[in-house]
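**Q** Sharing input20.csv (CSV, C-alpha atoms) below.
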```
chain,number,residue,atom,x,y,z
Z,1,MET,CA,0.0,0.0,0.0
Z,2,ASN,CA,2.7,2.4,1.0
Z,3,ASP,CA,4.9,1.7,-2.0
Z,4,GLN,CA,2.0,2.5,-4.2
Z,5,THR,CA,1.3,5.8,-2.5
Z,6,ASN,CA,4.5,7.2,-3.7
Z,7,THR,CA,3.7,6.4,-7.3
Z,8,TRP,CA,0.3,7.9,-7.2
Z,9,ILE,CA,0.1,11.2,-9.1
Z,10,THR,CA,-2.6,13.8,-8.6
Z,11,ALA,CA,-4.0,16.1,-11.3
Z,12,ALA,CA,-2.8,19.1,-9.3
Z,13,ALA,CA,0.8,17.7,-9.3
Z,14,VAL,CA,1.0,17.8,-13.0
Z,15,GLY,CA,-0.8,21.1,-13.4
Z,16,LEU,CA,-4.2,19.9,-14.3
Z,17,ILE,CA,-7.5,21.1,-12.8
Z,18,ASN,CA,-10.5,18.8,-12.6
Z,19,CYS,CA,-13.8,20.6,-13.3
Z,20,HIS,CA,-15.8,19.9,-10.1
Z,21,SER,CA,-19.0,19.9,-12.1
Z,22,CYS,CA,-18.4,17.8,-15.2
Z,23,GLY,CA,-15.0,16.2,-14.6
Z,24,LEU,CA,-13.2,17.6,-17.6
Z,25,LEU,CA,-9.5,18.1,-17.1
Z,26,HIS,CA,-8.0,21.5,-17.8
Z,27,LYS,CA,-4.5,22.9,-17.9
Z,28,ALA,CA,-4.0,25.0,-14.8
Z,29,THR,CA,-3.4,28.6,-15.5
Z,30,PRO,CA,-2.5,31.4,-13.0
Z,31,VAL,CA,-6.0,32.7,-13.3
Z,32,HIS,CA,-8.6,29.9,-13.2
Z,33,GLY,CA,-11.2,30.5,-15.8
Z,34,TYR,CA,-14.3,28.5,-16.6
Z,35,CYS,CA,-14.8,25.0,-17.8
Z,36,HIS,CA,-14.8,24.8,-21.6
Z,37,ARG,CA,-17.6,22.1,-21.5
Z,38,CYS,CA,-20.0,23.0,-18.7
Z,39,GLY,CA,-19.1,26.6,-17.9
Z,40,ALA,CA,-18.6,26.0,-14.1
Z,41,SER,CA,-15.8,28.1,-12.6
Z,42,LEU,CA,-12.6,26.1,-12.2
Z,43,HIS,CA,-10.8,25.7,-8.9
Z,44,LEU,CA,-7.8,23.6,-8.0
Z,45,ARG,CA,-9.5,23.0,-4.6
Z,46,LYS,CA,-12.8,24.3,-3.3
Z,47,PRO,CA,-12.2,28.0,-2.5
Z,48,ASP,CA,-11.6,28.8,1.2
Z,49,SER,CA,-12.8,25.3,2.0
Z,50,LEU,CA,-11.6,25.1,5.6
Z,51,SER,CA,-12.7,28.6,6.6
Z,52,ARG,CA,-16.1,28.1,5.1
Z,53,THR,CA,-16.5,24.7,6.7
Z,54,TRP,CA,-15.5,26.1,10.1
Z,55,ALA,CA,-17.9,29.1,9.7
Z,56,TYR,CA,-20.8,26.8,9.0
Z,57,LEU,CA,-19.8,24.3,11.7
Z,58,LEU,CA,-19.5,27.1,14.3
Z,59,ALA,CA,-22.9,28.5,13.4
Z,60,ALA,CA,-24.3,25.0,13.6
Z,61,TYR,CA,-22.8,24.4,17.1
Z,62,ILE,CA,-24.3,27.7,18.4
Z,63,LEU,CA,-27.8,26.9,17.0
Z,64,TYR,CA,-27.6,23.4,18.3
Z,65,ILE,CA,-28.2,24.7,21.8
Z,66,PRO,CA,-31.5,26.4,21.2
Z,67,ALA,CA,-32.5,23.5,18.9
Z,68,ASN,CA,-32.3,21.2,21.9
Z,69,VAL,CA,-33.3,23.5,24.7
Z,70,LEU,CA,-36.3,25.3,23.2
Z,71,PRO,CA,-39.5,23.4,22.4
Z,72,ILE,CA,-40.1,22.3,18.8
Z,73,MET,CA,-43.9,22.1,19.2
Z,74,THR,CA,-46.6,23.0,21.5
Z,75,THR,CA,-49.8,21.0,22.0
Z,76,THR,CA,-52.9,22.7,23.3
Z,77,SER,CA,-55.6,20.2,24.3
Z,78,LEU,CA,-58.6,20.9,26.4
Z,79,GLY,CA,-57.1,24.1,27.8
Z,80,SER,CA,-53.8,22.5,28.9
Z,81,VAL,CA,-50.7,23.6,27.1
Z,82,GLN,CA,-47.7,21.3,26.7
Z,83,SER,CA,-44.4,22.1,25.0
Z,84,ASN,CA,-42.1,19.5,23.8
Z,85,THR,CA,-38.4,19.7,23.0
Z,86,ILE,CA,-36.7,17.1,20.8
Z,87,LEU,CA,-35.6,15.1,23.8
Z,88,SER,CA,-38.9,15.3,25.7
Z,89,GLY,CA,-40.6,14.2,22.5
Z,90,VAL,CA,-38.4,11.1,22.4
Z,91,ASN,CA,-39.1,10.5,26.1
Z,92,TYR,CA,-42.9,10.8,25.5
Z,93,LEU,CA,-42.7,8.2,22.7
Z,94,LEU,CA,-40.8,5.8,24.9
Z,95,VAL,CA,-43.2,6.2,27.8
Z,96,SER,CA,-46.2,5.7,25.5
Z,97,GLY,CA,-44.7,2.5,24.2
Z,98,SER,CA,-43.7,3.4,20.7
Z,99,TRP,CA,-40.0,2.4,21.2
Z,100,LEU,CA,-39.3,1.9,17.5
Z,101,VAL,CA,-40.5,5.4,16.6
Z,102,ALA,CA,-38.6,6.7,19.7
Z,103,LEU,CA,-35.5,5.0,18.4
Z,104,ILE,CA,-35.9,6.4,14.9
Z,105,ILE,CA,-36.4,10.0,16.2
Z,106,PHE,CA,-33.5,9.6,18.6
Z,107,ILE,CA,-31.1,8.4,15.9
Z,108,ALA,CA,-32.3,11.0,13.3
Z,109,SER,CA,-32.6,14.0,15.6
Z,110,ILE,CA,-29.9,13.5,18.3
Z,111,PHE,CA,-27.4,10.9,17.2
Z,112,VAL,CA,-27.0,11.9,13.5
Z,113,PRO,CA,-26.5,15.7,14.0
Z,114,VAL,CA,-24.0,15.2,16.8
Z,115,LEU,CA,-22.1,12.5,14.9
Z,116,LYS,CA,-22.1,14.7,11.8
Z,117,LEU,CA,-20.8,17.7,13.8
Z,118,ILE,CA,-18.1,15.6,15.4
Z,119,ILE,CA,-17.0,13.9,12.1
Z,120,LEU,CA,-16.8,17.2,10.2
Z,121,SER,CA,-15.0,19.0,13.0
Z,122,TYR,CA,-12.5,16.1,13.2
Z,123,LEU,CA,-11.9,16.2,9.5
Z,124,ALA,CA,-11.4,19.9,9.5
Z,125,ILE,CA,-9.0,19.7,12.4
Z,126,SER,CA,-7.1,16.8,10.8
Z,127,VAL,CA,-6.6,18.8,7.6
Z,128,GLN,CA,-5.6,21.9,9.6
Z,129,VAL,CA,-2.8,20.0,11.5
Z,130,ARG,CA,-1.8,18.4,8.1
Z,131,SER,CA,-2.4,14.9,9.4
Z,132,SER,CA,-1.5,12.0,7.1
Z,133,TRP,CA,-3.2,9.4,9.3
Z,134,HIS,CA,-5.4,6.9,7.5
Z,135,PRO,CA,-6.6,9.1,4.6
Z,136,ARG,CA,-8.8,6.3,3.1
Z,137,GLU,CA,-10.8,6.0,6.4
Z,138,ARG,CA,-11.1,9.7,6.7
Z,139,ALA,CA,-12.4,9.8,3.1
Z,140,ARG,CA,-15.0,7.2,4.1
Z,141,LEU,CA,-16.0,9.2,7.2
Z,142,TYR,CA,-16.6,12.2,4.9
Z,143,ARG,CA,-18.9,10.3,2.6
Z,144,LEU,CA,-20.7,9.0,5.7
Z,145,ALA,CA,-21.2,12.5,7.0
Z,146,GLU,CA,-22.4,13.6,3.6
Z,147,ILE,CA,-25.1,11.0,3.2
Z,148,MET,CA,-26.5,10.7,6.7
Z,149,GLY,CA,-27.2,14.4,7.5
Z,150,ARG,CA,-30.4,14.6,5.5
Z,151,TRP,CA,-32.2,12.1,7.7
Z,152,SER,CA,-32.2,14.6,10.5
Z,153,MET,CA,-35.0,16.4,8.7
Z,154,VAL,CA,-37.5,13.7,9.8
Z,155,ASP,CA,-38.4,15.6,12.9
Z,156,ILE,CA,-39.1,18.8,10.9
Z,157,TYR,CA,-41.5,16.8,8.7
Z,158,VAL,CA,-43.2,15.2,11.6
Z,159,VAL,CA,-43.8,18.6,13.2
Z,160,THR,CA,-45.2,19.9,9.8
Z,161,LEU,CA,-47.6,17.0,9.5
Z,162,MET,CA,-48.7,17.1,13.1
Z,163,VAL,CA,-49.4,20.8,12.8
Z,164,ALA,CA,-51.4,20.3,9.6
Z,165,LEU,CA,-53.4,17.3,11.0
Z,166,VAL,CA,-54.1,18.1,14.6
Z,167,LYS,CA,-56.4,21.1,14.6
Z,168,ILE,CA,-59.5,19.8,16.2
Z,169,GLN,CA,-61.9,22.5,17.1
Z,170,GLY,CA,-61.8,23.2,20.8
Z,171,LEU,CA,-60.1,19.9,21.6
Z,172,ALA,CA,-56.6,19.8,20.4
Z,173,ASP,CA,-54.2,22.0,18.4
Z,174,ILE,CA,-50.5,21.8,17.7
Z,175,ASP,CA,-48.2,24.7,16.9
Z,176,ALA,CA,-44.7,24.6,15.6
Z,177,ASP,CA,-42.2,26.2,17.9
Z,178,ILE,CA,-39.0,28.2,17.6
Z,179,GLY,CA,-36.8,25.2,18.5
Z,180,ALA,CA,-37.8,23.5,15.2
Z,181,VAL,CA,-36.5,26.6,13.3
Z,182,ALA,CA,-33.2,26.3,15.1
Z,183,PHE,CA,-33.0,22.6,14.5
Z,184,GLY,CA,-33.8,23.0,10.8
Z,185,ALA,CA,-31.0,25.6,10.6
Z,186,VAL,CA,-28.6,23.2,12.2
Z,187,VAL,CA,-29.4,20.6,9.5
Z,188,VAL,CA,-29.0,23.1,6.7
Z,189,LEU,CA,-25.8,24.5,8.2
Z,190,THR,CA,-24.2,21.0,8.6
Z,191,MET,CA,-25.1,20.2,5.0
Z,192,LEU,CA,-23.5,23.4,3.8
Z,193,ALA,CA,-20.4,22.6,6.0
Z,194,ALA,CA,-20.1,19.2,4.3
Z,195,MET,CA,-20.5,20.7,0.9
Z,196,SER,CA,-17.8,23.3,1.4
Z,197,PHE,CA,-15.3,20.8,2.8
Z,198,ASP,CA,-13.0,19.6,0.1
Z,199,PRO,CA,-12.0,15.9,0.6
Z,200,ARG,CA,-9.0,16.3,-1.6
Z,201,LEU,CA,-7.4,18.3,1.2
Z,202,ILE,CA,-7.2,15.0,3.2
Z,203,TRP,CA,-5.1,13.5,0.4
Z,204,ASP,CA,-3.0,16.6,-0.3
Z,205,ASN,CA,-1.5,16.3,3.3
Z,206,ALA,CA,-1.2,12.6,3.1
Z,207,GLU,CA,1.0,13.0,0.0
Z,208,LYS,CA,3.2,15.8,1.4
Z,209,ASN,CA,4.0,13.8,4.5
Z,210,ASN,CA,5.0,10.8,2.4
Z,211,GLU,CA,7.5,12.6,0.3
Q,1,MET,CA,-17.6,5.8,-26.2
Q,2,ALA,CA,-16.3,2.6,-27.8
Q,3,GLY,CA,-12.9,1.5,-26.6
Q,4,SER,CA,-12.0,4.8,-25.3
Q,5,ILE,CA,-9.3,5.1,-22.7
Q,6,SER,CA,-9.0,8.6,-21.3
Q,7,LEU,CA,-7.3,10.5,-18.5
Q,8,MET,CA,-9.4,11.6,-15.6
Q,9,ALA,CA,-9.0,12.8,-12.1
Q,10,CYS,CA,-10.8,11.4,-9.1
Q,11,HIS,CA,-13.3,14.1,-7.9
Q,12,GLU,CA,-12.6,13.2,-4.2
Q,13,CYS,CA,-8.9,12.7,-4.0
Q,14,ASP,CA,-7.6,14.3,-7.3
Q,15,LEU,CA,-5.7,11.1,-8.3
Q,16,LEU,CA,-4.9,11.1,-12.0
Q,17,LEU,CA,-6.0,7.9,-13.7
Q,18,ARG,CA,-6.2,6.3,-17.1
Q,19,VAL,CA,-9.7,4.9,-17.3
Q,20,ASP,CA,-11.2,2.6,-19.9
Q,21,HIS,CA,-14.8,3.7,-20.6
Q,22,SER,CA,-15.7,0.8,-22.8
Q,23,PHE,CA,-17.7,-1.3,-20.5
Q,24,ALA,CA,-21.5,-1.7,-20.7
Q,25,GLU,CA,-22.5,-1.9,-17.1
Q,26,GLY,CA,-20.9,-1.5,-13.8
Q,27,VAL,CA,-19.0,0.8,-11.6
Q,28,VAL,CA,-15.4,2.0,-11.5
Q,29,LYS,CA,-14.0,3.1,-8.2
Q,30,CYS,CA,-10.9,5.1,-7.4
Q,31,PRO,CA,-8.1,2.7,-6.4
Q,32,ARG,CA,-6.9,5.2,-3.8
Q,33,CYS,CA,-10.0,6.6,-2.0
Q,34,ALA,CA,-12.8,4.2,-3.3
Q,35,ALA,CA,-15.0,7.1,-4.6
Q,36,VAL,CA,-17.2,6.1,-7.5
Q,37,LEU,CA,-15.6,7.4,-10.7
Q,38,LEU,CA,-17.8,5.9,-13.4
Q,39,LYS,CA,-21.2,4.4,-13.3
Q,40,HIS,CA,-22.4,2.8,-16.5
Q,41,LYS,CA,-25.8,1.3,-17.1
Q,42,ARG,CA,-27.3,-0.2,-20.2
Q,43,HIS,CA,-29.9,2.1,-21.8
Q,44,SER,CA,-29.0,4.8,-19.3
Q,45,LEU,CA,-30.6,7.6,-21.4
Q,46,ASP,CA,-33.9,5.7,-22.0
Q,47,LEU,CA,-34.2,4.5,-18.4
Q,48,THR,CA,-33.5,8.0,-16.9
Q,49,LEU,CA,-36.1,9.5,-19.2
Q,50,ALA,CA,-38.7,6.8,-18.4
Q,51,TYR,CA,-38.1,7.2,-14.7
Q,52,THR,CA,-38.3,10.9,-14.9
Q,53,ILE,CA,-41.6,10.9,-16.7
Q,54,THR,CA,-43.0,8.3,-14.3
Q,55,GLY,CA,-41.7,10.5,-11.4
Q,56,LEU,CA,-43.4,13.6,-12.7
Q,57,ILE,CA,-46.8,11.8,-13.0
Q,58,LEU,CA,-46.4,10.4,-9.5
Q,59,PHE,CA,-45.4,13.8,-8.2
Q,60,VAL,CA,-48.6,15.4,-9.5
Q,61,ILE,CA,-50.7,12.7,-8.0
Q,62,SER,CA,-48.8,13.0,-4.7
Q,63,ASN,CA,-49.6,16.7,-4.6
Q,64,ALA,CA,-53.2,16.6,-5.8
Q,65,PHE,CA,-54.5,14.0,-3.3
Q,66,PRO,CA,-54.4,13.9,0.5
Q,67,ILE,CA,-51.5,12.0,2.2
Q,68,ILE,CA,-53.4,11.0,5.4
Q,69,ASP,CA,-56.8,11.7,6.8
Q,70,PHE,CA,-56.9,12.0,10.6
Q,71,GLN,CA,-60.2,11.3,12.3
Q,72,PHE,CA,-60.9,12.2,15.9
Q,73,GLU,CA,-64.3,12.6,17.6
Q,74,ARG,CA,-66.3,12.7,14.4
Q,75,GLN,CA,-64.0,15.4,13.1
Q,76,SER,CA,-61.6,14.8,10.2
Q,77,THR,CA,-58.6,16.7,8.9
Q,78,GLU,CA,-56.8,15.9,5.7
Q,79,THR,CA,-53.4,17.0,4.7
Q,80,ASN,CA,-51.5,17.1,1.5
Q,81,LEU,CA,-47.9,18.4,0.9
Q,82,LEU,CA,-48.8,22.0,0.5
Q,83,SER,CA,-51.3,22.3,3.3
Q,84,GLY,CA,-48.6,21.5,5.9
Q,85,VAL,CA,-46.5,24.3,4.4
Q,86,TRP,CA,-49.6,26.7,4.5
Q,87,GLU,CA,-50.3,25.8,8.1
Q,88,LEU,CA,-46.7,26.7,9.1
Q,89,LEU,CA,-47.0,30.0,7.2
Q,90,ASP,CA,-50.2,30.6,9.1
Q,91,GLN,CA,-48.3,30.3,12.4
Q,92,ASP,CA,-45.6,32.7,11.1
Q,93,MET,CA,-43.0,30.0,10.8
Q,94,TYR,CA,-41.7,31.4,7.6
Q,95,LEU,CA,-38.2,29.8,7.7
Q,96,LEU,CA,-39.6,26.4,8.6
Q,97,ALA,CA,-42.3,26.6,5.9
Q,98,GLY,CA,-39.6,27.6,3.4
Q,99,LEU,CA,-37.3,24.7,4.3
Q,100,VAL,CA,-40.2,22.2,4.0
Q,101,PHE,CA,-41.4,23.7,0.8
Q,102,VAL,CA,-37.9,23.6,-0.8
Q,103,THR,CA,-37.0,20.1,0.3
Q,104,THR,CA,-40.3,18.3,-0.4
Q,105,ILE,CA,-41.8,20.3,-3.3
Q,106,LEU,CA,-39.6,22.7,-5.1
Q,107,ALA,CA,-36.3,20.7,-5.2
Q,108,PRO,CA,-37.9,17.3,-6.2
Q,109,PHE,CA,-40.1,19.0,-8.8
Q,110,THR,CA,-37.3,21.1,-10.3
Q,111,GLN,CA,-35.0,18.1,-10.3
Q,112,LEU,CA,-37.6,16.1,-12.3
Q,113,ALA,CA,-38.5,19.0,-14.6
Q,114,THR,CA,-34.8,19.7,-15.3
Q,115,LEU,CA,-34.1,16.1,-16.1
Q,116,LEU,CA,-37.0,16.0,-18.5
Q,117,TYR,CA,-35.7,19.2,-20.1
Q,118,VAL,CA,-32.3,17.6,-20.7
Q,119,PHE,CA,-33.2,14.0,-21.5
Q,120,LEU,CA,-36.3,14.3,-23.7
Q,121,PRO,CA,-34.5,16.3,-26.4
Q,122,LEU,CA,-31.4,14.0,-26.0
Q,123,LYS,CA,-33.6,11.1,-26.8
Q,124,PHE,CA,-34.2,12.6,-30.3
Q,125,ASN,CA,-30.6,13.7,-30.6
Q,126,HIS,CA,-31.5,17.3,-29.9
Q,127,ILE,CA,-30.0,19.6,-27.3
Q,128,ALA,CA,-32.4,22.2,-25.9
Q,129,PRO,CA,-31.0,25.7,-25.2
Q,130,TYR,CA,-29.1,26.2,-21.9
Q,131,THR,CA,-29.0,22.4,-21.4
Q,132,VAL,CA,-25.5,22.7,-20.0
Q,133,GLU,CA,-26.6,25.1,-17.3
Q,134,VAL,CA,-29.8,23.3,-16.6
Q,135,PHE,CA,-28.0,20.0,-16.2
Q,136,ARG,CA,-25.4,21.5,-13.8
Q,137,PHE,CA,-28.3,23.0,-11.8
Q,138,ALA,CA,-30.1,19.6,-11.7
Q,139,SER,CA,-26.9,18.0,-10.3
Q,140,ALA,CA,-26.6,20.6,-7.6
Q,141,LEU,CA,-30.2,20.2,-6.6
Q,142,ARG,CA,-29.9,16.6,-5.7
Q,143,SER,CA,-28.9,17.0,-2.0
Q,144,TRP,CA,-31.8,19.3,-1.3
Q,145,SER,CA,-34.5,16.9,-2.5
Q,146,MET,CA,-35.5,14.9,0.5
Q,147,MET,CA,-38.6,12.9,-0.5
Q,148,GLU,CA,-37.4,9.6,1.2
Q,149,VAL,CA,-36.8,11.5,4.5
Q,150,PHE,CA,-40.3,13.0,4.2
Q,151,MET,CA,-41.7,9.5,3.7
Q,152,LEU,CA,-40.2,8.4,7.0
Q,153,GLY,CA,-41.7,11.5,8.5
Q,154,ILE,CA,-45.1,10.5,7.3
Q,155,LEU,CA,-44.8,7.0,8.8
Q,156,VAL,CA,-43.6,8.4,12.2
Q,157,SER,CA,-46.5,10.9,12.3
Q,158,ALA,CA,-48.9,8.1,11.4
Q,159,VAL,CA,-47.7,6.1,14.4
Q,160,LYS,CA,-47.9,9.1,16.7
Q,161,LEU,CA,-51.4,10.1,15.5
Q,162,ALA,CA,-52.7,6.5,15.7
Q,163,ALA,CA,-52.5,6.8,19.5
Q,164,MET,CA,-54.9,9.8,19.4
Q,165,GLY,CA,-57.4,8.9,16.7
Q,166,THR,CA,-58.0,7.1,13.5
Q,167,ILE,CA,-55.6,7.3,10.5
Q,168,VAL,CA,-56.9,6.8,7.0
Q,169,PRO,CA,-54.1,6.6,4.4
Q,170,GLY,CA,-54.8,8.8,1.3
Q,171,ILE,CA,-54.0,8.2,-2.3
Q,172,ALA,CA,-50.9,10.4,-2.1
Q,173,LEU,CA,-49.4,8.1,0.5
Q,174,TRP,CA,-49.3,5.2,-2.0
Q,175,SER,CA,-48.0,7.4,-4.9
Q,176,PHE,CA,-45.4,8.8,-2.5
Q,177,GLY,CA,-44.2,5.3,-1.6
Q,178,ILE,CA,-43.7,4.5,-5.3
Q,179,LEU,CA,-42.3,8.0,-6.1
Q,180,ILE,CA,-39.3,7.6,-3.7
Q,181,PHE,CA,-38.3,4.4,-5.5
Q,182,VAL,CA,-38.7,5.9,-8.9
Q,183,LEU,CA,-36.6,8.9,-7.9
Q,184,ALA,CA,-33.9,6.6,-6.6
Q,185,ALA,CA,-34.0,4.6,-9.8
Q,186,ALA,CA,-33.8,7.8,-11.9
Q,187,THR,CA,-30.7,8.8,-10.0
Q,188,SER,CA,-29.0,5.4,-10.2
Q,189,SER,CA,-29.7,5.0,-13.9
Q,190,LEU,CA,-28.3,8.5,-14.7
Q,191,ASN,CA,-24.8,8.5,-16.0
Q,192,PRO,CA,-23.6,12.1,-15.9
Q,193,ASP,CA,-20.5,11.4,-18.0
Q,194,LEU,CA,-22.5,10.1,-20.9
Q,195,VAL,CA,-24.6,13.4,-20.8
Q,196,TRP,CA,-21.5,15.6,-20.5
Q,197,GLU,CA,-19.9,13.7,-23.4
Q,198,LYS,CA,-23.0,14.3,-25.6
Q,199,LEU,CA,-23.1,17.9,-24.6
Q,200,GLY,CA,-19.4,18.4,-25.1
Q,201,VAL,CA,-19.4,16.9,-28.6
Q,202,SER,CA,-22.2,19.1,-29.9
Q,203,GLN,CA,-20.6,22.4,-28.9
```
Could you spell out this file's structure in structure tokens?
**A**
Amino acid sequence: MNDQTNTWITAAAVGLINCHSCGLLHKATPVHGYCHRCGASLHLRKPDSLSRTWAYLLAAYILYIPANVLPIMTTTSLGSVQSNTILSGVNYLLVSGSWLVALIIFIASIFVPVLKLIILSYLAISVQVRSSWHPRERARLYRLAEIMGRWSMVDIYVVTLMVALVKIQGLADIDADIGAVAFGAVVVLTMLAAMSFDPRLIWDNAEKNNE
Amino acid sequence: MAGSISLMACHECDLLLRVDHSFAEGVVKCPRCAAVLLKHKRHSLDLTLAYTITGLILFVISNAFPIIDFQFERQSTETNLLSGVWELLDQDMYLLAGLVFVTTILAPFTQLATLLYVFLPLKFNHIAPYTVEVFRFASALRSWSMMEVFMLGILVSAVKLAAMGTIVPGIALWSFGILIFVLAAATSSLNPDLVWEKLGVSQ
């Protein structure tokens, strides 16, 4: 494996730019223009990848607090008002016996966002300190973070459907709450963080340290 | 693309590779980082077009009919895709309404519509104006279309509501169930390199 690593040549090393949109190779010039074939702007690596990733991650970390502390929906039934956060919603499901649904919501709303934040932060740090440790595994972690984030949206959709369906005159009514907005923002911000992270940076450092 | 060996770079690790494009069906992965480099499927263009048209029909049905009907104490409420968004708007949850609208209605519809715009003319060896831009846009949209996640949301809501009243599945629930598979099939039959190659040659 290691012998091979030294013979691997990247496009960047021989002065070629890979169009990120259509995959056409271009000769790198001092000023990167646009792809001849698809018109996308050319970059050797995603521009300001690390700073952008950190900015989105930081914003996501901050909003993660209100997303979990503030209620995501409020139920009014027969005059009594009950507000539920993500965690109390999971707890309610557990108590009422729907453990499978409780597990789904727990994984989608709590486990996945935390794991995604941790993975992306770890990847950004590892690139920042120019780590050459297990690039293939880190590449796999990146792919994992990229595909799993969307599933966190489940809770947002559940709130939307509950709000639309439970409006029984004088008996029960459900309102969406500010926590859901913060949570939706966390999902979107971590998606943007994953999109702005350039996985090629992982390999750039792995190469330099092997020289 | 008969017997063509060409130089390409891995989009995830930038490794420079010589790749043989002349295989009918299968996947080529990057030897270094294991990212999928090429994905060939027989009749890729026809399949993508067929799935896209099916998807559009199912999308219309999914929006025109109620997803579930919730009955409680002789009262009944129905919901379809749009009415959930309206309800959120009603409660001044603009950001949330926007997010749900984009991920369950706008992005999936635009994705299907843009694919139709690209693939229908390609079928007859034509290229519609701005196809390059439209196809690039369609590729960028993919991560924002979350139909399969919404489907899970429907199932979770149904379980939650079943504890409170009676749940009657609507027509849209079934068309939704099929739609997510059709969307997945459209994505997996699509071979972007084939499209770029066709678009590149014509310019």
**Q** For Asp155 in chain Z, find every residue with an atom within 8 Å (counting only C-alpha atoms), except residues of its own chain fewer than 5 positions away, and show them as a compact mmCIF listing (two decimals) with C-alpha atoms, keeping the file's coordinate frame.
**A**
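Final file, out_23.txt:
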```txt
# COMPACT_ATOMS: atom_id res chain seq x y z
CA ILE Z 105 -36.40 10.00 16.20
CA ALA Z 108 -32.30 11.00 13.30
CA SER Z 109 -32.60 14.00 15.60
CA GLY Q 153 -41.70 11.50 8.50
```
**Q** Residues near Ile72 in chain Z, anyone? I mean within 9 Å using only C-alpha atoms, not counting same-chain ones fewer than 5 positions away, as an NGL selection string.
**A** :Z and (67 or 83-86 or 89 or 156 or 159 or 175-183)
**Q** Give me a file of those residues, with C-alpha atoms, as a PDB file, keeping the file's coordinate frame.
**A**
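Generated file (selection.pdb):
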```pdb
ATOM      1  CA  ALA Z  67     -32.500  23.500  18.900  1.00  0.00           C
ATOM      2  CA  SER Z  83     -44.400  22.100  25.000  1.00  0.00           C
ATOM      3  CA  ASN Z  84     -42.100  19.500  23.800  1.00  0.00           C
ATOM      4  CA  THR Z  85     -38.400  19.700  23.000  1.00  0.00           C
ATOM      5  CA  ILE Z  86     -36.700  17.100  20.800  1.00  0.00           C
ATOM      6  CA  GLY Z  89     -40.600  14.200  22.500  1.00  0.00           C
ATOM      7  CA  ILE Z 156     -39.100  18.800  10.900  1.00  0.00           C
ATOM      8  CA  VAL Z 159     -43.800  18.600  13.200  1.00  0.00           C
ATOM      9  CA  ASP Z 175     -48.200  24.700  16.900  1.00  0.00           C
ATOM     10  CA  ALA Z 176     -44.700  24.600  15.600  1.00  0.00           C
ATOM     11  CA  ASP Z 177     -42.200  26.200  17.900  1.00  0.00           C
ATOM     12  CA  ILE Z 178     -39.000  28.200  17.600  1.00  0.00           C
ATOM     13  CA  GLY Z 179     -36.800  25.200  18.500  1.00  0.00           C
ATOM     14  CA  ALA Z 180     -37.800  23.500  15.200  1.00  0.00           C
ATOM     15  CA  VAL Z 181     -36.500  26.600  13.300  1.00  0.00           C
ATOM     16  CA  ALA Z 182     -33.200  26.300  15.100  1.00  0.00           C
ATOM     17  CA  PHE Z 183     -33.000  22.600  14.500  1.00  0.00           C
TER      18      PHE Z 183
END
```
**Q** Sort by chain and increasing residue number a table of all residues of chain Z within 6 Å of chain Q, each with its closest pair of atoms and their distance in Å to one decimal, counting all atoms listed in the file, and write it as CSV.
**A**
```
residue,atom,partner,partner_atom,distance
Z:Ile9,CA,Q:Leu16,CA,5.8
Z:Thr10,CA,Q:Leu15,CA,4.1
Z:Ala11,CA,Q:Leu16,CA,5.1
Z:Arg37,CA,Q:Gly200,CA,5.5
Z:Cys38,CA,Q:Val132,CA,5.7
Z:Arg136,CA,Q:Cys33,CA,5.2
Z:Trp151,CA,Q:Val149,CA,5.6
Z:Val154,CA,Q:Gly153,CA,4.9
Z:Tyr157,CA,Q:Gly153,CA,5.3
Z:Val158,CA,Q:Gly153,CA,5.1
Z:Thr160,CA,Q:Gly84,CA,5.4
Z:Leu161,CA,Q:Gly84,CA,5.8
Z:Ala164,CA,Q:Gly84,CA,4.8
Z:Leu165,CA,Q:Thr77,CA,5.6
Z:Val181,CA,Q:Leu96,CA,5.6
Z:Pro199,CA,Q:Glu12,CA,5.5
Z:Arg200,CA,Q:Cys13,CA,4.3
Z:Trp203,CA,Q:Cys13,CA,5.9
```
**Q** Just give me the gap between CA of Thr48 in chain Q and CA of Phe119 in chain Q in Å, one decimal is fine.
**A** 7.6 Å
**Q** Separation of CA of Leu38 in chain Q and CA of Arg140 in chain Z, in Å?
**A** 17.8 Å
**Q** What's the 10 Å shell around Tyr61 in chain Z, counting all atoms listed in the file, without same-chain residues fewer than 6 positions away, as a ChimeraX atom specification?
**A** /Z:67,113-114,117,186,189-190
**Q** Can you work out the spacing between CA of Lys198 in chain Q and CA of Ile17 in chain Z in Å, to one decimal?
**A**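 Separation between CA of Lys198 in chain Q and CA of Ile17 in chain Z: 21.2 Å.
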**Q** Point out the residue among Q:Leu49, Q:Cys30, Q:Ile5, Q:Ala185 with the least atom-to-atom distance to Trp8 in chain Z, counting only C-alpha atoms.
**A**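 Closest residue, counting only C-alpha atoms: Q:Cys30.
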**Q** Just the residues within 12 Å of Met147 in chain Q, please, counting only C-alpha atoms, with nothing from its chain fewer than 5 positions along; format it as number ranges by chain.
**A** Z: 150-151, 153-154, 157; Q: 55, 59, 62, 81, 100-109, 111, 142, 152-154, 173, 175-184
**Q** With distances taken over only C-alpha atoms, which of Q:Arg18, Q:Glu25, Q:Thr52, Q:Ser4 is nearest to Leu120 in chain Q?
**A**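 Residue with the minimum atom-to-atom distance to Leu120 in chain Q: Q:Thr52.
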**Q** At a cut-off of 9 Å, using all atoms listed in the file, what residues contact Leu115 in chain Z? Leave out same-chain residues fewer than 5 positions from it and give the result as a PyMOL selection string.
**A** chain Z and resi 110+120+145
